[in-house]
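Chemist: First the structure, which I've put down as C-alpha cells, then a few questions once you've had a look.
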Amino acid sequence: MKKFFSKLTFAAALSVAFASCKKADIADLSPNNEGEDKKGISSAKGIQVVPNELLVKFKAGLSEDEKMEVLTMVQGKVKEVVLTEAMKSAGDKEGIALLHTSLASLEAVARLQGARGVEYAEPNFIYNHFATSNDTYFTNGSLWGMYGSTGTPANQFGCGARTAWANGKTGSSSVYIGVIDEGVMFTHPDLAANFGTNPGEIAGNGIDDDGNGYRDDVRGWDFAANDATVFDGVSDDHGTHCAGTIGGVGGNGAGVAGVVWNVKMLSGKFLGSTGGTTANAIKAIDYFTDLKTRAGLRIVATSNSWGGGGFSQALQDAIVRANNNNILFIAAAGNASSNNDAVANYPSNYPVANVIAVASITSTGGLSSFSNFGATQVDLGAPGSGIWSTVPVRSGGTTVGSYASYNGTSMATPHVSGAAALYASVNPTASMSTIRTAILSSVTPTPSLSGKTVTGGRLNVAGF
C-alpha cells in the first residue's frame, strides 16, 4: 500500500526537495537570496515560488489587531483572502490570506514559523504541466495506449480500453471529470459532445445564478485570469490534449477516442503562460468539491497533470476536502526521472486517500525515460510516451481542432482519469474508495514497474 503520513512540515519538505542540490542551488532559494528571473519567478531545481508572496493561515478567532501584528512582522499586506465555498462547507469561516510582502518570500515564511496567531505560513508555489473504434488514429495503430495485451508488440502495453469498448462499456453522460490544468478547447470536434455544463448557471447573463462566487461559469472557471473563459487559444494545448485522452468522442470515424467515449468534463483552468500558483490550485480543487455538493453532479475525479513546489498544507487541505466529498485526485508522478520515495513530488505525494499517482510507460512496456517512480509513492503506470490526442491549432487565421503526439506523465494521468470515469459508468453506486481499489487491483504486472510502483503494474481497464 502507498504510505500515508499524517503531516509534513514545510521545512521537512524543503529539506527533501533540496537533498540532491548543490549549495549554490540551495542559496538561490535561501531566505536572504531568492533568485529571480526576468519574469519575477524565484526558482531552484524545479522549485518555483511567486516572489514577495506567501500564504498565511491565521488561527481561528484572531483579532484584526493581532493580524496586523503578524503583517508588521513581514512588512506585508493582505492581497486576497482565499475563502472558497468548499472551505465554508468544511467549517472554515476565515480562509487563507494571500500576502504581499516587501521581503523575499522565504524570509517572510521563516519569520512566521511558530509566530503567535499563525497556524502555518508557506510560499505561494508555482506549478507547471509535466501530452473497437473506427477513429482514424485508432485504426491506423497510432493510439497504442487504448489497445491491450494482445496484438502487435507495439500495441500490447495499452490500457485495454479496446476490450472494454468491445464489451459495450463506453461510459455515461452522468459521470463528470474535472480537468484541472490549462484550459480546454471544448468546441473541438472530438470533445464538444463530451464537455459538460454547470446546470445551475445561465450563460451570458452576467449573474452568479448558483451562488458559488463565479459568474457565468457554464463550462468551468479560469482561475488564472479570474473569468469564465476556459479556453484562450492555442496556448491551451496541454489541457486540451489531456481532455482528449480522458474523453475524446469514440466511434465517430474521426480523430482519436478517449478511454471513455461518453462522459462530461468541466474545466478548472489555473495554469497560465507562467504556470499556476498554489492559491489558484486550491480554488480549482475546491471549485469541483463545491460543484459536486451544490449541483449534485457525480464528479468522480479530477485529473491533475501538473506539479512542482514543495509541501503545502493549504493545498493538502484542499485535497482532503475533495477526499471527504468522495472525489479522486489523480496526479502525474512527474517528469524528472526521479524516485518520489526519496525526493517528494507534489501534488502526487500528498498523503491523502483519494490520491492516485501515475507513472508513464512506453509502447514497449518500459518505464518512460523521463518518468518519476516510487515503490511507495507512485501507484501504477499508464501509457505516456507518444500519445496522440486533441489539440487546438491556428489555420487560416482561425483556431481549429487538430491532433498531436505528446510525451509525459501528463499524458499517462488522463488515461487513469478516464478509467475512473469508465468504472463509475459501469458501477453507478461505486464509492470513491471502490473505484480506486478497482483501478489499482486490476493492473497488469509489468517488469519495468516492479519495485518502481506500489502495484508493480500498468493500467488495465479491460475487465471493467
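In the C-alpha cells, each chain is lettered A, B, ... as it comes, each chain's residues begin at 1, and ligands are numbered from 1 in order of appearance.
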With DSSP run on the backbone, what are the helix (DSSP H, G or I) residues within region 70-279 of chain A? I'd like them as an MDAnalysis selection string.

Modeler: chainID A and resid 70:73 85:89 105:112 136:139 144:146 153:155 161:166 192:194 234:247 278:279

Chemist: Could you make a table, as a tab-separated table, of the residues of region 111-209 of chain A that have an atom within 12 Å of an atom of region 53-58 of chain A, each with its nearest atom pair and distance in Å to one decimal, counting only C-alpha atoms, in chain and number order?

Modeler:
```
residue	atom	partner	partner_atom	distance
A:Arg111	CA	A:Leu54	CA	11.6
A:Leu112	CA	A:Val56	CA	8.8
A:Gln113	CA	A:Val56	CA	10.4
A:Gly114	CA	A:Phe58	CA	11.6
A:Ala115	CA	A:Phe58	CA	10.0
A:Arg116	CA	A:Phe58	CA	9.2
A:Gly117	CA	A:Phe58	CA	5.9
A:Val118	CA	A:Phe58	CA	4.6
A:Glu119	CA	A:Lys57	CA	5.4
A:Tyr120	CA	A:Lys57	CA	5.4
A:Ala121	CA	A:Val56	CA	4.4
A:Glu122	CA	A:Leu55	CA	5.3
A:Pro123	CA	A:Leu54	CA	4.4
A:Asn124	CA	A:Leu54	CA	5.1
A:Phe125	CA	A:Leu54	CA	8.7
A:Ile126	CA	A:Glu53	CA	11.2
```

Chemist: Could you check the closest approach to Ala336 (chain A) for each of A:Ser273, A:Gly408, A:Thr72, A:Ala420 and tell me which residue wins, using only C-alpha atoms?

Modeler: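 Smallest separation from Ala336 (chain A) among the options: A:Gly408.
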
Chemist: Hey, what's within 6 Å of region 303-307 of chain A if we count only C-alpha atoms and toss same-chain stuff fewer than 6 positions away? As a list in words, please?

Modeler: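 Near neighbours after the sequence-gap exclusion: Tyr127, Asn128, His129, Phe130, Val179, Ile180, Ile330, Ala331, Ala332, Tyr346, Pro347, Ser410 and Ser417 of chain A.
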
Chemist: Since we have the selection now, will you write its residues out, keeping C-alpha atoms, as a PDB file, in the first residue's frame?

Modeler:
```
ATOM      1  CA  TYR A 127       3.226  24.673 -10.714  1.00  0.00           C
ATOM      2  CA  ASN A 128       3.651  23.634 -14.343  1.00  0.00           C
ATOM      3  CA  HIS A 129       2.276  20.822 -16.514  1.00  0.00           C
ATOM      4  CA  PHE A 130       4.667  17.875 -16.909  1.00  0.00           C
ATOM      5  CA  VAL A 179      -9.806  18.821 -15.727  1.00  0.00           C
ATOM      6  CA  ILE A 180      -7.513  20.921 -13.510  1.00  0.00           C
ATOM      7  CA  ILE A 330      -5.447  11.614  -9.974  1.00  0.00           C
ATOM      8  CA  ALA A 331      -1.974  13.130 -10.305  1.00  0.00           C
ATOM      9  CA  ALA A 332       1.098  12.920 -12.525  1.00  0.00           C
ATOM     10  CA  TYR A 346       3.846  17.341  -5.342  1.00  0.00           C
ATOM     11  CA  PRO A 347       0.911  17.058  -5.632  1.00  0.00           C
ATOM     12  CA  SER A 410       0.857  14.385 -18.029  1.00  0.00           C
ATOM     13  CA  SER A 417      -8.832   9.619 -15.049  1.00  0.00           C
TER      14      SER A 417
END
```

Chemist: Report the residues of region 259-421 of chain A whose backbone DSSP state falls under strand (DSSP E), written as a PyMOL selection string.

Modeler: chain A and resi 262-269+276-277+298-304+306-307+328-332+355-361+380-383+387-395+398-406

Chemist: If we count only C-alpha atoms and set the cut-off at 9 Å, which residues sit around His415 (chain A), ignoring sequence neighbours fewer than 6 positions away in its own chain? Please answer as number ranges by chain.

Modeler: A: 145-146, 159, 242, 245-246, 258-259, 382-384, 459

Chemist: Do you know which residues are at most 10 Å from Gln75 (chain A) counting only C-alpha atoms, after dropping those on the same chain fewer than 2 positions away, and could you put them as a list of chain:residue names?

Modeler: A:Met68, A:Glu69, A:Val70, A:Leu71, A:Thr72, A:Met73, A:Lys77, A:Leu99, A:His100, A:Thr101, A:Ser102, A:Leu103, A:Ala108

Chemist: Can you pull out every residue within 10 Å of region 209-216 of chain A, counting only C-alpha atoms, but drop anything in the same chain fewer than 2 positions away, and send it as a list in words?

Modeler: Thr84, Glu85, Ala86, Asn198, Pro199, Gly200, Glu201, Ile202, Ala203, Gly204, Asn205, Gly206, Ile207, Val218, Arg219, Gly220, Trp221, Asp222, Asn226, Asp227, Ala228, Thr229, Tyr287, Asp290, Leu291, Arg294 and Ala295 of chain A

Chemist: Kindly save the residues from that selection, with C-alpha atoms included, as a PDB file, in the first residue's frame.

Modeler:
```pdb
ATOM      1  CA  THR A  84     -13.952  29.105  -1.089  1.00  0.00           C
ATOM      2  CA  GLU A  85     -17.422  27.670  -0.733  1.00  0.00           C
ATOM      3  CA  ALA A  86     -15.827  24.278  -0.052  1.00  0.00           C
ATOM      4  CA  ASN A 198     -22.842  23.720 -14.822  1.00  0.00           C
ATOM      5  CA  PRO A 199     -26.609  23.164 -14.583  1.00  0.00           C
ATOM      6  CA  GLY A 200     -27.061  25.970 -12.078  1.00  0.00           C
ATOM      7  CA  GLU A 201     -25.650  28.675 -14.335  1.00  0.00           C
ATOM      8  CA  ILE A 202     -27.290  30.621 -17.173  1.00  0.00           C
ATOM      9  CA  ALA A 203     -24.810  31.516 -19.898  1.00  0.00           C
ATOM     10  CA  GLY A 204     -24.050  35.150 -20.623  1.00  0.00           C
ATOM     11  CA  ASN A 205     -26.374  36.890 -18.190  1.00  0.00           C
ATOM     12  CA  GLY A 206     -23.572  38.241 -16.011  1.00  0.00           C
ATOM     13  CA  ILE A 207     -25.165  36.811 -12.870  1.00  0.00           C
ATOM     14  CA  VAL A 218     -21.011  27.418 -17.527  1.00  0.00           C
ATOM     15  CA  ARG A 219     -18.020  25.342 -18.691  1.00  0.00           C
ATOM     16  CA  GLY A 220     -15.934  25.840 -15.568  1.00  0.00           C
ATOM     17  CA  TRP A 221     -13.692  28.715 -14.490  1.00  0.00           C
ATOM     18  CA  ASP A 222     -10.330  30.256 -15.379  1.00  0.00           C
ATOM     19  CA  ASN A 226     -10.404  35.088 -12.905  1.00  0.00           C
ATOM     20  CA  ASP A 227     -13.041  34.835 -15.630  1.00  0.00           C
ATOM     21  CA  ALA A 228     -15.403  32.334 -17.221  1.00  0.00           C
ATOM     22  CA  THR A 229     -13.389  31.956 -20.431  1.00  0.00           C
ATOM     23  CA  TYR A 287     -14.473  24.570  -7.179  1.00  0.00           C
ATOM     24  CA  ASP A 290     -18.346  22.659  -4.105  1.00  0.00           C
ATOM     25  CA  LEU A 291     -19.900  21.974  -7.512  1.00  0.00           C
ATOM     26  CA  ARG A 294     -24.054  22.333  -4.772  1.00  0.00           C
ATOM     27  CA  ALA A 295     -25.283  20.962  -8.106  1.00  0.00           C
TER      28      ALA A 295
END
```
